[in-house]
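Trainee: Dropping the structure in here first, questions after.
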Amino acid sequence: MVETKSETKTVRFIITRQDTPDSAPYDEEFELAYRPNMNVISALMEIRRNPVTVQGKHTTAIAWDMNCLEEVCGACSMVINGKPRQSCTALIDQLEQPVRLAPMRTFPVVRDLQVDRSRMFDSLKKVKAWIPIDGTYNLGPGPRMPEKKRQWAYELSKCMTCGVCLEACPNVNSNSDFMGPQPLSQVRLFNAHPTGAMNKAERLNTIMGDGGLANCGNSQNCVQSCPKGIPLTTSIAALNRDTTIQQFRNFFGSDEV
């Protein structure tokens, strides 16, 4: 419920802040005048415009990441009322008060609600989540993907590298090198592409190593938290099958994909 104070609706926020990557986190509380259809991003903008706590203390502007403001870029991920999600689509009318904002802890905190997601991007590099077809001349059109395969592959391509699935996964933490569900699902996406399949064995051998499939605990948290509804656990199950086949090919010395 939105609080009422002197017949004026207000919204209260408790925001976990951190001044530097090495400093201790602390909470600050803010109160804003309520507006219909307000989202978390617009509330943070209001606080940034006038960074004064409920105690009347003038403080520094809150730092957070944002870009598209329409749940496409994935930059504005944070923990809202204990749940990792996108702050651009988190409507105040649908949140319990006070609204608690905190940075995702799977990634190192840069400042306040900003985090360094290099862990995820490094994993994408590790699994070669691209199709290396650059050349000095026009290679012409590539092979077409069958429509049935294209439809489910498109669902995987909706990923916006927001990091929410890694934050929700209990196996992705500072004590584990598990790459998480997002890079694994991208392996399935690029292996499904007719041209990307030329690096299929390389990708599968990578995820069979340290930090790969074997570290998944099948908690199902990732698929429940994904803002795009990507079937992450289905991808992981398919990759388990693919890596089993790849292990036999490695054993018998077959280079076929």
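Labels used: A, B, ... for chains in the order of the structure tokens, numbers from 1 for residues in each chain, and numbers from 1 for ligands as shown.
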Could you list, as a ChimeraX atom specification, every residue within 12 Å of Pro98 of chain A, counting only C-alpha atoms and ignoring same-chain residues fewer than 3 positions away?
Mentor: /A:1-3,10-15,28-32,80-82,92-95,101
Trainee: Can you write just those residues out, C-alpha atoms, as an mmCIF file, in the first residue's frame?
Mentor:
data_model
loop_
_atom_site.group_PDB
_atom_site.id
_atom_site.type_symbol
_atom_site.label_atom_id
_atom_site.label_comp_id
_atom_site.auth_asym_id
_atom_site.auth_seq_id
_atom_site.Cartn_x
_atom_site.Cartn_y
_atom_site.Cartn_z
ATOM 1 C CA MET A 1 0.000 0.000 0.000
ATOM 2 C CA VAL A 2 1.107 3.573 -0.681
ATOM 3 C CA GLU A 3 1.527 5.572 2.505
ATOM 4 C CA THR A 10 3.933 9.297 -0.639
ATOM 5 C CA VAL A 11 6.186 6.422 -1.569
ATOM 6 C CA ARG A 12 9.039 5.351 0.687
ATOM 7 C CA PHE A 13 12.278 3.786 -0.591
ATOM 8 C CA ILE A 14 15.044 2.027 1.311
ATOM 9 C CA ILE A 15 18.085 1.934 -0.957
ATOM 10 C CA GLU A 28 19.445 5.310 3.050
ATOM 11 C CA GLU A 29 15.728 6.066 3.147
ATOM 12 C CA PHE A 30 13.890 8.433 0.828
ATOM 13 C CA GLU A 31 10.307 9.586 0.445
ATOM 14 C CA LEU A 32 8.671 10.860 -2.738
ATOM 15 C CA ILE A 80 13.695 -4.906 -6.016
ATOM 16 C CA ASN A 81 11.960 -6.077 -2.840
ATOM 17 C CA GLY A 82 14.252 -9.094 -2.757
ATOM 18 C CA ILE A 92 5.357 1.379 -7.970
ATOM 19 C CA ASP A 93 1.622 0.581 -7.893
ATOM 20 C CA GLN A 94 2.492 -3.116 -7.980
ATOM 21 C CA LEU A 95 5.190 -3.067 -5.284
ATOM 22 C CA LEU A 101 16.335 -1.423 -3.836
#
Trainee: Would you give me, as an mmCIF file with N, CA and C atoms, in the first residue's frame, the residues in segment 24-237 of chain A that DSSP reads as strand (DSSP E or B)?
Mentor:
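In the end it all went to out.cif:
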data_model
loop_
_atom_site.group_PDB
_atom_site.id
_atom_site.type_symbol
_atom_site.label_atom_id
_atom_site.label_comp_id
_atom_site.auth_asym_id
_atom_site.auth_seq_id
_atom_site.Cartn_x
_atom_site.Cartn_y
_atom_site.Cartn_z
ATOM 1 N N TYR A 26 25.519 0.396 2.953
ATOM 2 C CA TYR A 26 24.680 1.006 3.981
ATOM 3 C C TYR A 26 23.348 1.383 3.343
ATOM 4 N N ASP A 27 22.335 1.583 4.161
ATOM 5 C CA ASP A 27 21.000 1.916 3.663
ATOM 6 C C ASP A 27 20.694 3.391 3.867
ATOM 7 N N GLU A 28 19.989 3.962 2.914
ATOM 8 C CA GLU A 28 19.445 5.310 3.050
ATOM 9 C C GLU A 28 17.972 5.267 2.661
ATOM 10 N N GLU A 29 17.173 6.081 3.345
ATOM 11 C CA GLU A 29 15.728 6.066 3.147
ATOM 12 C C GLU A 29 15.263 7.384 2.530
ATOM 13 N N PHE A 30 14.390 7.257 1.533
ATOM 14 C CA PHE A 30 13.890 8.433 0.828
ATOM 15 C C PHE A 30 12.365 8.359 0.736
ATOM 16 N N GLU A 31 11.758 9.523 0.575
ATOM 17 C CA GLU A 31 10.307 9.586 0.445
ATOM 18 C C GLU A 31 9.957 10.537 -0.696
ATOM 19 N N LEU A 32 9.067 10.078 -1.579
ATOM 20 C CA LEU A 32 8.671 10.860 -2.738
ATOM 21 C C LEU A 32 7.163 11.032 -2.766
ATOM 22 N N ALA A 33 6.720 12.105 -3.397
ATOM 23 C CA ALA A 33 5.290 12.280 -3.647
ATOM 24 C C ALA A 33 4.851 11.245 -4.687
ATOM 25 N N ASN A 39 7.369 4.322 -12.280
ATOM 26 C CA ASN A 39 8.186 3.117 -12.176
ATOM 27 C C ASN A 39 9.424 3.417 -11.332
ATOM 28 N N VAL A 52 17.747 14.044 -0.918
ATOM 29 C CA VAL A 52 17.596 14.347 0.505
ATOM 30 C C VAL A 52 16.868 13.183 1.161
ATOM 31 N N HIS A 58 21.162 15.911 3.286
ATOM 32 C CA HIS A 58 21.553 16.020 1.883
ATOM 33 C C HIS A 58 22.636 14.979 1.613
ATOM 34 N N SER A 77 19.058 -3.760 -14.424
ATOM 35 C CA SER A 77 18.782 -4.847 -13.477
ATOM 36 C C SER A 77 19.216 -4.466 -12.067
ATOM 37 N N MET A 78 18.374 -4.784 -11.108
ATOM 38 C CA MET A 78 18.702 -4.606 -9.695
ATOM 39 C C MET A 78 17.760 -5.488 -8.878
ATOM 40 N N VAL A 79 17.986 -5.568 -7.586
ATOM 41 C CA VAL A 79 17.130 -6.371 -6.718
ATOM 42 C C VAL A 79 16.066 -5.451 -6.131
ATOM 43 N N ILE A 80 14.813 -5.727 -6.459
ATOM 44 C CA ILE A 80 13.695 -4.906 -6.016
ATOM 45 C C ILE A 80 12.802 -5.736 -5.105
ATOM 46 N N LYS A 83 13.781 -9.359 -5.135
ATOM 47 C CA LYS A 83 13.712 -10.112 -6.387
ATOM 48 C C LYS A 83 14.515 -9.400 -7.471
ATOM 49 N N PRO A 84 15.449 -10.100 -8.139
ATOM 50 C CA PRO A 84 16.173 -9.463 -9.248
ATOM 51 C C PRO A 84 15.247 -9.264 -10.443
ATOM 52 N N ARG A 85 15.248 -8.059 -10.991
ATOM 53 C CA ARG A 85 14.367 -7.750 -12.117
ATOM 54 C C ARG A 85 14.786 -6.443 -12.764
ATOM 55 N N GLN A 86 14.070 -6.055 -13.804
ATOM 56 C CA GLN A 86 14.335 -4.792 -14.486
ATOM 57 C C GLN A 86 13.587 -3.660 -13.784
ATOM 58 N N LEU A 91 6.638 -1.314 -11.676
ATOM 59 C CA LEU A 91 5.708 -0.221 -11.392
ATOM 60 C C LEU A 91 5.473 -0.098 -9.888
ATOM 61 N N VAL A 99 9.601 0.365 -0.701
ATOM 62 C CA VAL A 99 10.278 -0.300 -1.813
ATOM 63 C C VAL A 99 11.759 -0.395 -1.486
ATOM 64 N N ARG A 100 12.263 -1.601 -1.466
ATOM 65 C CA ARG A 100 13.682 -1.823 -1.135
ATOM 66 C C ARG A 100 14.473 -2.100 -2.408
ATOM 67 N N LEU A 101 15.486 -1.291 -2.649
ATOM 68 C CA LEU A 101 16.335 -1.423 -3.836
ATOM 69 C C LEU A 101 17.749 -1.781 -3.400
ATOM 70 N N ALA A 102 18.330 -2.752 -4.076
ATOM 71 C CA ALA A 102 19.689 -3.180 -3.753
ATOM 72 C C ALA A 102 20.369 -3.655 -5.037
ATOM 73 N N VAL A 109 30.028 -4.944 -6.986
ATOM 74 C CA VAL A 109 29.384 -3.633 -6.987
ATOM 75 C C VAL A 109 30.409 -2.569 -7.372
ATOM 76 N N VAL A 110 30.015 -1.710 -8.305
ATOM 77 C CA VAL A 110 30.855 -0.580 -8.693
ATOM 78 C C VAL A 110 30.559 0.605 -7.775
ATOM 79 N N ARG A 111 29.281 0.943 -7.709
ATOM 80 C CA ARG A 111 28.823 1.997 -6.804
ATOM 81 C C ARG A 111 27.304 1.914 -6.707
ATOM 82 N N GLN A 114 24.955 0.108 -9.239
ATOM 83 C CA GLN A 114 25.727 -0.281 -10.414
ATOM 84 C C GLN A 114 26.595 -1.493 -10.101
ATOM 85 N N VAL A 115 26.616 -2.447 -11.027
ATOM 86 C CA VAL A 115 27.459 -3.623 -10.850
ATOM 87 C C VAL A 115 28.293 -3.857 -12.112
#
Trainee: Between atom CA of Met179 of chain A and atom CA of Gly211 of chain A, what is the spacing in Å?
Mentor: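 Computing the Euclidean distance for atom CA of Gly211 of chain A and atom CA of Met179 of chain A yields 5.5 Å.
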Trainee: I'd like to know which of A:Asn218, A:Thr106, A:Asn191, A:Asn138 is closest to Leu232 of chain A, using only C-alpha atoms.
Mentor: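 Checking each of A:Asn218, A:Thr106, A:Asn191, A:Asn138 against Leu232 of chain A, counting only C-alpha atoms, the winner is A:Asn218.
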Trainee: Using only C-alpha atoms, pick whichever of A:Pro132, A:Thr234, A:Tyr34, A:Pro181 has the shortest atom-to-atom distance to Gln97 of chain A.
Mentor: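 Closest to Gln97 of chain A, using only C-alpha atoms: A:Tyr34.
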Trainee: Can you tell me which residues surround Ile245 of chain A at a distance of at most 12 Å, considering only C-alpha atoms, apart from same-chain residues fewer than 4 positions away, and format the answer as a list in words?
Mentor: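 Everything that qualifies: Lys200, Ala201, Leu204, Asn205, Met208, Ala238, Leu239, Asn240, Arg241, Arg249, Asn250, Phe251, Phe252, Ser254, Asp255, Glu256 and Val257 of chain A.
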Trainee: Provide the atom CA of Ser235 of chain A to atom CA of Thr89 of chain A distance in Å, to one decimal place.
Mentor: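 Result for atom CA of Ser235 of chain A versus atom CA of Thr89 of chain A: 25.9 Å, one decimal.
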Trainee: Using only C-alpha atoms, which residue out of A:Leu124, A:Ile131, A:Cys165, A:Ala237 lies closest to Pro183 of chain A?
Mentor: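 Among the listed residues, the smallest separation from Pro183 of chain A belongs to A:Leu124.
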Trainee: Just want the 10 Å neighbourhood of Gly74 of chain A, counted on only C-alpha atoms, with same-chain residues fewer than 4 positions away dropped. Output as an NGL selection string.
Mentor: :A and (65-70 or 85-88 or 159-164 or 227)
Trainee: Go through A:Ser157, A:Thr60, A:Gln246, A:Asn221 and flag the residue nearest Ser185 of chain A, using only C-alpha atoms for the distances.
Mentor: A:Ser157
Trainee: Can you tell me, as a list in words, what residues are no more than 9 Å from Asn215 of chain A when counting only C-alpha atoms, ignoring any on the same chain fewer than 3 positions away?
Mentor: Asn171, Val172, Ser176, Asp177, Phe178, Met179, Gly180, Asp210, Gly211 and Gly212 of chain A
Trainee: Quick one: write out the picked residues with C-alpha atoms as an mmCIF file, in the first residue's frame?
Mentor:
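Output saved as selection22.cif:
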data_model
loop_
_atom_site.group_PDB
_atom_site.id
_atom_site.type_symbol
_atom_site.label_atom_id
_atom_site.label_comp_id
_atom_site.auth_asym_id
_atom_site.auth_seq_id
_atom_site.Cartn_x
_atom_site.Cartn_y
_atom_site.Cartn_z
ATOM 1 C CA ASN A 171 25.182 -21.965 -8.064
ATOM 2 C CA VAL A 172 26.549 -18.677 -9.422
ATOM 3 C CA SER A 176 32.021 -20.984 -7.835
ATOM 4 C CA ASP A 177 33.246 -20.532 -11.401
ATOM 5 C CA PHE A 178 29.922 -21.698 -12.856
ATOM 6 C CA MET A 179 29.227 -19.562 -15.923
ATOM 7 C CA GLY A 180 25.474 -19.684 -15.342
ATOM 8 C CA ASP A 210 35.304 -26.224 -15.409
ATOM 9 C CA GLY A 211 32.416 -23.876 -14.755
ATOM 10 C CA GLY A 212 30.217 -25.534 -17.346
#
